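Q: Just start.cif, nothing more (mmCIF, C-alpha atoms):
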```cif
data_final
loop_
_atom_site.label_atom_id
_atom_site.label_comp_id
_atom_site.auth_asym_id
_atom_site.auth_seq_id
_atom_site.Cartn_x
_atom_site.Cartn_y
_atom_site.Cartn_z
CA MET A 1258 0.00 0.00 0.00
CA TYR A 1259 2.88 2.39 0.76
CA PHE A 1260 4.29 2.20 -2.78
CA PHE A 1261 0.82 2.38 -4.35
CA LEU A 1262 0.13 5.63 -2.44
CA LYS A 1263 3.55 7.01 -3.42
CA ILE A 1264 2.85 6.34 -7.11
CA TYR A 1265 -0.74 7.64 -6.86
CA SER A 1266 0.53 10.79 -5.15
CA PHE A 1267 3.12 11.35 -7.87
CA ILE A 1268 0.46 11.00 -10.60
CA LEU A 1269 -1.92 13.40 -8.80
CA ARG A 1270 0.78 16.05 -8.42
CA LEU A 1271 1.55 15.91 -12.16
CA SER A 1272 -2.09 15.83 -13.27
CA PRO A 1273 -4.11 18.85 -14.44
CA GLN A 1274 -6.81 20.07 -12.07
CA PHE A 1275 -9.69 18.41 -13.95
CA ILE A 1276 -8.04 15.00 -13.44
CA VAL A 1277 -7.66 15.69 -9.72
CA LYS A 1278 -11.34 16.71 -9.56
CA PHE A 1279 -12.30 13.53 -11.40
CA ASN A 1280 -10.42 11.48 -8.76
CA GLU A 1281 -12.27 13.27 -5.98
CA TYR A 1282 -15.62 12.58 -7.65
CA PHE A 1283 -14.71 8.97 -8.40
CA ILE A 1284 -13.76 8.25 -4.77
CA TYR A 1285 -16.93 9.96 -3.51
CA SER A 1286 -19.14 8.00 -5.95
CA LEU A 1287 -17.44 4.72 -5.13
CA LEU A 1288 -17.77 5.15 -1.36
CA PHE A 1289 -21.22 6.75 -1.24
CA HIS A 1290 -23.19 5.32 -4.17
CA PHE A 1291 -21.59 1.96 -4.96
CA ILE A 1292 -19.81 0.41 -1.99
CA LYS A 1293 -21.94 2.50 0.39
CA ILE A 1294 -19.24 2.11 3.01
CA ARG A 1295 -20.61 2.84 6.50
CA ARG A 1296 -23.67 4.58 5.06
CA GLU A 1297 -25.93 2.97 7.67
CA LEU A 1298 -23.58 3.94 10.51
CA VAL A 1299 -23.37 7.55 9.31
CA ASP A 1300 -27.18 7.77 9.14
CA LYS A 1301 -27.48 6.21 12.59
CA ASN A 1302 -24.99 8.68 14.08
CA LEU A 1303 -26.76 11.65 12.49
CA SER A 1304 -30.12 10.46 13.80
CA ILE A 1305 -28.66 10.27 17.33
CA ALA A 1306 -26.94 13.67 17.17
CA PHE A 1307 -29.80 15.46 15.36
CA PRO A 1308 -33.03 13.57 16.14
CA THR A 1309 -35.27 16.25 14.58
CA LEU A 1310 -33.75 15.87 11.12
CA SER A 1311 -35.78 14.07 8.48
CA ALA A 1312 -34.39 11.10 6.55
CA LYS A 1313 -33.94 13.36 3.51
CA GLU A 1314 -32.00 15.95 5.53
CA ARG A 1315 -29.72 13.24 6.95
CA TYR A 1316 -29.17 11.89 3.43
CA LEU A 1317 -28.10 15.32 2.14
CA ILE A 1318 -25.69 15.86 5.05
CA SER A 1319 -24.25 12.38 4.48
CA LYS A 1320 -23.77 13.10 0.79
CA LYS A 1321 -21.93 16.36 1.53
CA CYS A 1322 -19.84 14.57 4.17
CA TYR A 1323 -18.63 11.91 1.71
CA LYS A 1324 -17.85 14.60 -0.87
CA PHE A 1325 -15.94 16.70 1.64
CA PHE A 1326 -13.75 13.89 2.92
CA SER A 1327 -13.17 12.46 -0.56
CA LYS A 1328 -11.67 15.81 -1.54
CA GLU A 1329 -9.63 16.05 1.65
CA MET A 1330 -8.41 12.47 1.16
CA VAL A 1331 -7.12 13.30 -2.32
CA ASP A 1332 -5.43 16.44 -0.94
CA LEU A 1333 -3.78 14.38 1.79
CA ILE A 1334 -2.62 11.67 -0.62
CA LYS A 1335 -1.12 14.32 -2.91
CA GLY A 1336 0.95 15.25 0.12
CA SER A 1337 1.78 18.80 -0.97
CA PHE A 1338 -0.93 20.81 0.84
CA TRP A 1339 1.44 21.70 3.69
CA LYS A 1340 3.63 23.77 1.34
CA ASP A 1341 0.89 26.35 0.69
CA THR A 1342 -1.42 27.12 3.60
CA SER A 1343 -2.58 30.52 2.30
CA ARG A 1344 -6.25 29.45 2.32
CA VAL A 1345 -6.18 28.73 6.07
CA GLN A 1346 -7.30 31.72 8.14
CA PHE A 1347 -7.15 32.11 11.91
CA GLU A 1348 -9.99 33.80 13.79
CA ASN A 1349 -8.15 34.15 17.12
CA ILE A 1350 -4.58 32.85 16.89
CA GLN A 1351 -3.80 35.11 19.87
CA GLU A 1352 -5.48 32.53 22.15
CA LEU A 1353 -2.86 29.98 21.16
CA GLU A 1354 -0.03 32.47 21.49
CA LYS A 1355 -1.20 33.55 24.98
CA ALA A 1356 -1.32 29.92 26.09
CA LEU A 1357 2.24 29.37 24.85
CA GLU A 1358 3.43 32.38 26.87
CA LEU A 1359 2.86 30.32 30.03
CA ASN A 1360 5.81 28.16 28.92
CA ARG A 1361 4.10 24.87 29.88
CA GLY A 1362 3.29 23.64 26.41
CA VAL A 1363 -0.26 23.47 25.03
CA LEU A 1364 -2.66 20.55 24.79
CA LEU A 1365 -4.61 21.20 21.59
CA VAL A 1366 -7.83 19.18 21.67
CA GLY A 1367 -10.32 18.70 18.87
CA GLY A 1368 -12.31 16.19 16.87
CA HIS A 1369 -12.18 14.68 13.40
CA LEU A 1370 -13.80 17.80 12.01
CA GLY A 1371 -12.84 19.57 8.82
CA ALA A 1372 -9.38 19.63 7.27
CA PHE A 1373 -7.54 19.34 10.57
CA ASP A 1374 -4.20 18.46 8.95
CA LYS A 1375 -4.32 21.82 7.15
CA ALA A 1376 -4.76 23.54 10.53
CA PHE A 1377 -1.71 21.77 11.94
CA ALA A 1378 0.43 22.63 8.91
CA SER A 1379 -0.66 26.27 9.19
CA ILE A 1380 0.23 26.41 12.89
CA LYS A 1381 3.70 25.16 11.97
CA LYS A 1382 3.93 27.88 9.29
CA LYS A 1383 3.22 30.42 12.05
CA GLY A 1384 6.50 29.34 13.63
CA HIS A 1385 5.13 27.05 16.36
CA LYS A 1386 6.38 23.54 17.08
CA ILE A 1387 3.54 21.03 16.96
CA SER A 1388 3.25 17.25 17.41
CA GLY A 1389 0.29 14.89 17.32
CA VAL A 1390 -0.95 11.68 18.90
CA ALA A 1391 -2.75 9.33 16.49
CA TYR A 1392 -4.13 5.82 16.23
CA GLU A 1393 -1.81 3.47 14.37
CA GLN A 1394 -3.62 2.24 11.24
CA ASN A 1395 -4.09 -1.46 10.66
CA ASN A 1396 -2.45 -1.24 7.24
CA LYS A 1397 1.25 -0.65 7.95
CA GLY A 1398 1.91 0.74 4.47
CA SER A 1399 -0.76 3.44 4.57
CA ASP A 1400 0.17 4.26 8.18
CA ARG A 1401 3.80 4.78 7.13
CA TYR A 1402 2.78 6.92 4.15
CA PHE A 1403 0.53 9.32 6.09
CA LYS A 1404 2.99 9.48 8.99
CA ASN A 1405 5.68 10.58 6.54
CA ILE A 1406 3.41 13.35 5.23
CA ARG A 1407 2.56 14.62 8.73
CA GLU A 1408 6.21 14.68 9.72
CA ASN A 1409 6.60 17.57 7.25
CA PHE A 1410 4.84 19.75 9.82
CA PHE A 1411 4.83 17.68 13.03
CA THR A 1412 7.94 17.59 15.18
CA LYS A 1413 6.79 14.05 15.98
CA GLN A 1414 3.78 11.90 15.23
CA LEU A 1415 3.19 9.74 18.26
CA TYR A 1416 0.75 6.87 18.70
CA ARG A 1417 -1.75 6.18 21.44
CA GLY A 1418 -0.02 3.88 23.88
CA ASP A 1419 3.47 5.30 23.28
CA ASP A 1420 5.63 6.18 26.26
CA LEU A 1421 4.04 9.11 28.13
CA LYS A 1422 7.52 10.54 28.67
CA GLU A 1423 7.57 11.56 25.00
CA ILE A 1424 4.55 13.85 25.46
CA LEU A 1425 5.84 15.20 28.77
CA HIS A 1426 9.15 16.02 27.10
CA LEU A 1427 7.40 17.93 24.29
CA LEU A 1428 5.29 19.93 26.77
CA LYS A 1429 8.38 20.71 28.85
CA LYS A 1430 9.93 22.23 25.71
CA ASN A 1431 6.79 24.43 25.37
CA GLU A 1432 5.54 22.65 22.27
CA ILE A 1433 1.96 22.03 21.12
CA VAL A 1434 0.61 18.49 21.41
CA VAL A 1435 -2.55 17.59 19.43
CA LEU A 1436 -5.04 15.09 20.84
CA LEU A 1437 -8.15 14.30 18.78
CA SER A 1438 -10.50 13.22 21.55
CA ASP A 1439 -13.77 12.32 19.88
CA GLN A 1440 -13.45 8.56 19.28
CA ASN A 1441 -15.01 5.76 21.32
CA ALA A 1442 -12.50 5.03 24.09
CA ARG A 1443 -14.41 1.92 25.23
CA HIS A 1444 -13.03 0.61 28.54
CA LYS A 1445 -10.15 3.08 28.52
CA GLY A 1446 -12.27 6.24 28.72
CA ILE A 1447 -14.61 8.25 30.91
CA ASP A 1448 -18.34 8.38 30.26
CA VAL A 1449 -19.52 11.90 29.39
CA ASN A 1450 -22.41 13.27 27.34
CA PHE A 1451 -21.99 13.90 23.62
CA PHE A 1452 -25.08 15.25 21.83
CA GLY A 1453 -27.09 14.24 24.90
CA TYR A 1454 -26.00 10.59 25.03
CA PRO A 1455 -23.31 9.00 27.22
CA CYS A 1456 -20.20 7.78 25.47
CA SER A 1457 -16.73 6.71 26.53
CA THR A 1458 -14.24 9.50 25.82
CA PHE A 1459 -10.46 9.68 26.07
CA SER A 1460 -9.31 11.59 29.14
CA GLY A 1461 -5.63 11.92 28.22
CA ALA A 1462 -5.73 15.69 27.72
CA ALA A 1463 -7.38 16.23 31.12
CA VAL A 1464 -4.92 13.91 32.87
CA LEU A 1465 -1.92 15.61 31.25
CA HIS A 1466 -3.31 19.03 32.14
CA LYS A 1467 -3.67 18.02 35.80
CA ARG A 1468 -0.17 16.56 35.85
CA THR A 1469 1.73 19.33 34.04
CA GLY A 1470 -0.41 22.46 34.22
CA ALA A 1471 -0.31 22.71 30.42
CA PRO A 1472 -3.37 24.69 29.26
CA ILE A 1473 -6.02 22.98 27.14
CA LEU A 1474 -7.24 24.71 23.99
CA CYS A 1475 -10.00 23.29 21.84
CA PHE A 1476 -9.72 24.02 18.12
CA ASP A 1477 -11.80 23.59 15.01
CA ILE A 1478 -11.34 24.23 11.30
CA ILE A 1479 -14.37 24.83 9.08
CA LYS A 1480 -14.30 25.30 5.32
CA GLN A 1481 -16.28 28.30 4.10
CA ASN A 1482 -16.30 28.80 0.34
CA GLN A 1483 -12.63 28.31 -0.60
CA GLU A 1484 -11.10 29.22 2.78
CA TYR A 1485 -10.55 27.21 5.95
CA TRP A 1486 -11.29 29.09 9.18
CA THR A 1487 -9.57 27.94 12.34
CA SER A 1488 -10.54 29.05 15.85
CA PHE A 1489 -9.46 28.26 19.42
CA LYS A 1490 -11.31 28.08 22.73
CA LYS A 1491 -9.64 27.91 26.13
CA ILE A 1492 -10.90 25.26 28.57
CA ASN A 1493 -11.62 26.24 32.19
CA GLU A 1494 -8.54 25.52 34.33
CA GLU A 1495 -9.83 25.79 37.92
CA ASN A 1496 -7.67 23.55 40.12
CA ASN A 1497 -10.60 21.98 41.95
CA ARG A 1498 -12.18 20.51 38.82
CA ASP A 1499 -12.05 16.74 38.50
CA ILE A 1500 -10.93 14.86 35.38
CA ALA A 1501 -14.48 14.04 34.26
CA SER A 1502 -15.52 17.72 34.36
CA VAL A 1503 -12.62 18.73 32.14
CA VAL A 1504 -13.37 15.89 29.68
CA GLN A 1505 -17.02 16.92 29.59
CA GLU A 1506 -16.10 20.53 28.84
CA TYR A 1507 -13.89 19.75 25.87
CA THR A 1508 -16.44 17.21 24.62
CA PHE A 1509 -19.11 19.94 24.68
CA ALA A 1510 -16.70 22.24 22.81
CA ILE A 1511 -16.23 19.59 20.10
CA GLU A 1512 -20.01 19.19 19.88
CA GLU A 1513 -20.51 22.93 19.40
CA SER A 1514 -17.87 22.94 16.66
CA ILE A 1515 -19.63 20.10 14.81
CA LYS A 1516 -22.90 22.04 14.89
CA LYS A 1517 -21.26 24.79 12.79
CA ASP A 1518 -21.34 22.42 9.80
CA PRO A 1519 -22.26 18.76 10.46
CA SER A 1520 -21.32 17.80 6.89
CA GLN A 1521 -17.64 18.41 7.72
CA TYR A 1522 -17.56 15.95 10.62
CA PHE A 1523 -16.22 12.40 10.29
CA TRP A 1524 -19.41 10.48 11.19
CA PHE A 1525 -17.83 7.12 10.32
CA HIS A 1526 -16.83 6.24 13.91
CA ASN A 1527 -19.09 4.03 16.04
CA ARG A 1528 -19.23 6.72 18.72
CA TRP A 1529 -22.20 5.77 20.89
CA ARG A 1530 -23.31 2.56 22.58
CA VAL A 1531 -26.93 2.99 21.45
#
```
Starting from the coordinates I provided, produce the structure as structure tokens.

A:
Amino acid sequence: MYFFLKIYSFILRLSPQFIVKFNEYFIYSLLFHFIKIRRELVDKNLSIAFPTLSAKERYLISKKCYKFFSKEMVDLIKGSFWKDTSRVQFENIQELEKALELNRGVLLVGGHLGAFDKAFASIKKKGHKISGVAYEQNNKGSDRYFKNIRENFFTKQLYRGDDLKEILHLLKKNEIVVLLSDQNARHKGIDVNFFGYPCSTFSGAAVLHKRTGAPILCFDIIKQNQEYWTSFKKINEENNRDIASVVQEYTFAIEESIKKDPSQYFWFHNRWRV
């Protein structure tokens, strides 16, 4: 898979724009109309999160979702998006810069919403050191390929389950560590509400905050027309708050971000136990 993606990337970079667009449409059509991969799960998740939506409204959001991520997938496979981040705009980058002034590092928490890799590349272009914690993919070849791309803007790409000392070392050097905290953590997480239903959520950001004092910022990136708008929100840092309260707050922040444009959220995870 690694060499296939390398060759496919090379072809995409040499191709005229109409060929790239054709690839985006082909992938969307294959996944949404023909294979229908996870279509039922996406509809189920939308019905849980937005119970007042009609079946037609859920269908239209699903369709836009598959189109959005098909385009972003092609962009990621091309592997050159990090060189030009001019279309990424920041609404309040000063929130991130103020957090870094504390010299404790920053825990940047978000969900699988929008073109998040473009946000990370743009933060690096602003002169900040940033690393991320990810799930290791089952396919070793594709995991290696996408890890190589992200290491163009990440200081390090870590995996869940790696030695905690790595993250502590990055925070000690006042770097930004990204934790996407919207997947089902199963027995490893804390139950909090997400769109009104309990679900197991990773508490790593809250635990690290309690241990190091590193501030937690939630972020999102939403595409509007041809630009990607990134914003930050600081999470309450009162010392007497327990881990579950902090996890609930950043889960609510992720939920509010998704509501900005549900079609840009990755609904393909089995998030709830309902």

Q: List the neighbours of Arg1417 (chain A) out to 8 Å using all atoms listed in the file; skip same-chain residues closer than 6 positions along the sequence, and give me the result as a list in words.

A: Val1390, Ala1391, Tyr1392 and Glu1393 of chain A

Q: What's around region 1287-1290 of chain A at 9 Å? Count only C-alpha atoms, leave out sequence neighbours fewer than 3 positions away in its own chain, and write the answer as a ChimeraX atom specification.

A: /A:1282-1284,1293-1296,1319-1320,1323-1324,1327

Q: For the residues in that selection, give me C-alpha atoms as a PDB file, in the frame of the given file.

A:
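What ended up in selection08.pdb:
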```
ATOM      1  CA  TYR A1282     -15.620  12.580  -7.650  1.00  0.00           C
ATOM      2  CA  PHE A1283     -14.710   8.970  -8.400  1.00  0.00           C
ATOM      3  CA  ILE A1284     -13.760   8.250  -4.770  1.00  0.00           C
ATOM      4  CA  LYS A1293     -21.940   2.500   0.390  1.00  0.00           C
ATOM      5  CA  ILE A1294     -19.240   2.110   3.010  1.00  0.00           C
ATOM      6  CA  ARG A1295     -20.610   2.840   6.500  1.00  0.00           C
ATOM      7  CA  ARG A1296     -23.670   4.580   5.060  1.00  0.00           C
ATOM      8  CA  SER A1319     -24.250  12.380   4.480  1.00  0.00           C
ATOM      9  CA  LYS A1320     -23.770  13.100   0.790  1.00  0.00           C
ATOM     10  CA  TYR A1323     -18.630  11.910   1.710  1.00  0.00           C
ATOM     11  CA  LYS A1324     -17.850  14.600  -0.870  1.00  0.00           C
ATOM     12  CA  SER A1327     -13.170  12.460  -0.560  1.00  0.00           C
TER      13      SER A1327
END
```

Q: Could you state which residues are captured by the PyMOL selection byres ((chain A and resi 1315) around 12) in this file, as a list of chain:residue names?

A: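 Going through the file, the PyMOL selection byres ((chain A and resi 1315) around 12) ends up selecting A:Arg1296, A:Glu1297, A:Leu1298, A:Val1299, A:Asp1300, A:Lys1301, A:Asn1302, A:Leu1303, A:Ser1304, A:Ile1305, A:Ala1306, A:Phe1307, A:Pro1308, A:Thr1309, A:Leu1310, A:Ser1311, A:Ala1312, A:Lys1313, A:Glu1314, A:Tyr1316, A:Leu1317, A:Ile1318, A:Ser1319, A:Lys1320, A:Lys1321, A:Cys1322, A:Pro1519, A:Ser1520, A:Trp1524.
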
Q: Return as a PyMOL selection string the set of residues that the PyMOL selection byres ((chain A and resi 1350) around 10) yields on the displayed structure.

A: chain A and resi 1346-1349+1351-1355+1380+1383+1487-1489

Q: When you draw a straight line from CA of Gly1389 (chain A) to CA of Ala1463 (chain A), how long is it in Å?

A: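 Straight-line distance from CA of Gly1389 (chain A) to CA of Ala1463 (chain A) works out to 15.8 Å.
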
Q: Could you check the closest approach to Val1449 (chain A) for each of A:Glu1329, A:Glu1358, A:Asp1341, A:Glu1506 and tell me which residue wins, using all atoms listed in the file?

A: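 Closest to Val1449 (chain A), using all atoms listed in the file: A:Glu1506.
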
Q: Can you tell me which residues surround Arg1443 (chain A) at a distance of at most 12 Å, considering all atoms listed in the file, apart from same-chain residues fewer than 6 positions away, and format the answer as number ranges by chain?

A: A: 1449, 1455-1460, 1527-1530

Q: Kindly export the residues of the current selection with C-alpha atoms, as a compact mmCIF listing (two decimals), in the coordinates of the input.

A:
```txt
# COMPACT_ATOMS: atom_id res chain seq x y z
CA VAL A 1449 -19.52 11.90 29.39
CA PRO A 1455 -23.31 9.00 27.22
CA CYS A 1456 -20.20 7.78 25.47
CA SER A 1457 -16.73 6.71 26.53
CA THR A 1458 -14.24 9.50 25.82
CA PHE A 1459 -10.46 9.68 26.07
CA SER A 1460 -9.31 11.59 29.14
CA ASN A 1527 -19.09 4.03 16.04
CA ARG A 1528 -19.23 6.72 18.72
CA TRP A 1529 -22.20 5.77 20.89
CA ARG A 1530 -23.31 2.56 22.58
```

Q: Just say which residues the PyMOL selection byres ((chain A and resi 1484) around 12) picks in this file, as a list in words.

A: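 In the shown coordinates, the PyMOL selection byres ((chain A and resi 1484) around 12) covers Thr1342, Ser1343, Arg1344, Val1345, Gln1346, Phe1347, Glu1348, Gly1371, Ala1372, Lys1375, Ala1376, Ile1478, Ile1479, Lys1480, Gln1481, Asn1482, Gln1483, Tyr1485, Trp1486 and Thr1487 of chain A.
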
Q: Do you know which residues are at most 8 Å from region 1377-1379 of chain A counting only C-alpha atoms, after dropping those on the same chain fewer than 3 positions away, and could you put them as JSON, numbers by chain?

A: {"A": [1339, 1342, 1345, 1373, 1374, 1382, 1383, 1387, 1410, 1411]}

Q: Please compute the CA of Gln1274 (chain A)-CA of Phe1261 (chain A) distance, one decimal, in Å.

A: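 Answer for the CA of Gln1274 (chain A) to CA of Phe1261 (chain A) separation: 20.8 Å.
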
Q: Since fewer atoms than expected are present, regenerate N, CA and C atoms for region 1462-1475 of chain A and write them as a PDB file, keeping the file's coordinate frame.

A:
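Result saved to part23.pdb:
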```pdb
ATOM      1  N   ALA A1462      -6.019  14.254  27.646  1.00  0.00           N
ATOM      2  CA  ALA A1462      -5.730  15.690  27.720  1.00  0.00           C
ATOM      3  C   ALA A1462      -5.970  16.218  29.127  1.00  0.00           C
ATOM      4  N   ALA A1463      -7.075  15.775  29.756  1.00  0.00           N
ATOM      5  CA  ALA A1463      -7.380  16.230  31.120  1.00  0.00           C
ATOM      6  C   ALA A1463      -6.343  15.733  32.114  1.00  0.00           C
ATOM      7  N   VAL A1464      -5.929  14.485  31.969  1.00  0.00           N
ATOM      8  CA  VAL A1464      -4.920  13.910  32.870  1.00  0.00           C
ATOM      9  C   VAL A1464      -3.597  14.649  32.723  1.00  0.00           C
ATOM     10  N   LEU A1465      -3.176  14.903  31.486  1.00  0.00           N
ATOM     11  CA  LEU A1465      -1.920  15.610  31.250  1.00  0.00           C
ATOM     12  C   LEU A1465      -1.979  17.041  31.769  1.00  0.00           C
ATOM     13  N   HIS A1466      -3.138  17.678  31.616  1.00  0.00           N
ATOM     14  CA  HIS A1466      -3.310  19.030  32.140  1.00  0.00           C
ATOM     15  C   HIS A1466      -3.142  19.037  33.666  1.00  0.00           C
ATOM     16  N   LYS A1467      -3.772  18.091  34.344  1.00  0.00           N
ATOM     17  CA  LYS A1467      -3.670  18.020  35.800  1.00  0.00           C
ATOM     18  C   LYS A1467      -2.228  17.752  36.242  1.00  0.00           C
ATOM     19  N   ARG A1468      -1.530  16.956  35.469  1.00  0.00           N
ATOM     20  CA  ARG A1468      -0.170  16.560  35.850  1.00  0.00           C
ATOM     21  C   ARG A1468       0.857  17.660  35.570  1.00  0.00           C
ATOM     22  N   THR A1469       0.689  18.393  34.471  1.00  0.00           N
ATOM     23  CA  THR A1469       1.730  19.330  34.040  1.00  0.00           C
ATOM     24  C   THR A1469       1.338  20.806  34.164  1.00  0.00           C
ATOM     25  N   GLY A1470       0.039  21.070  34.247  1.00  0.00           N
ATOM     26  CA  GLY A1470      -0.410  22.460  34.220  1.00  0.00           C
ATOM     27  C   GLY A1470      -0.481  23.041  32.822  1.00  0.00           C
ATOM     28  N   ALA A1471      -0.216  22.225  31.800  1.00  0.00           N
ATOM     29  CA  ALA A1471      -0.310  22.710  30.420  1.00  0.00           C
ATOM     30  C   ALA A1471      -1.758  23.092  30.110  1.00  0.00           C
ATOM     31  N   PRO A1472      -1.988  24.285  29.574  1.00  0.00           N
ATOM     32  CA  PRO A1472      -3.370  24.690  29.260  1.00  0.00           C
ATOM     33  C   PRO A1472      -3.963  23.846  28.137  1.00  0.00           C
ATOM     34  N   ILE A1473      -5.286  23.688  28.193  1.00  0.00           N
ATOM     35  CA  ILE A1473      -6.020  22.980  27.140  1.00  0.00           C
ATOM     36  C   ILE A1473      -6.738  23.992  26.267  1.00  0.00           C
ATOM     37  N   LEU A1474      -6.491  23.907  24.965  1.00  0.00           N
ATOM     38  CA  LEU A1474      -7.240  24.710  23.990  1.00  0.00           C
ATOM     39  C   LEU A1474      -7.979  23.760  23.074  1.00  0.00           C
ATOM     40  N   CYS A1475      -9.268  24.016  22.876  1.00  0.00           N
ATOM     41  CA  CYS A1475     -10.000  23.290  21.840  1.00  0.00           C
ATOM     42  C   CYS A1475      -9.875  24.076  20.533  1.00  0.00           C
TER      43      CYS A1475
END
```
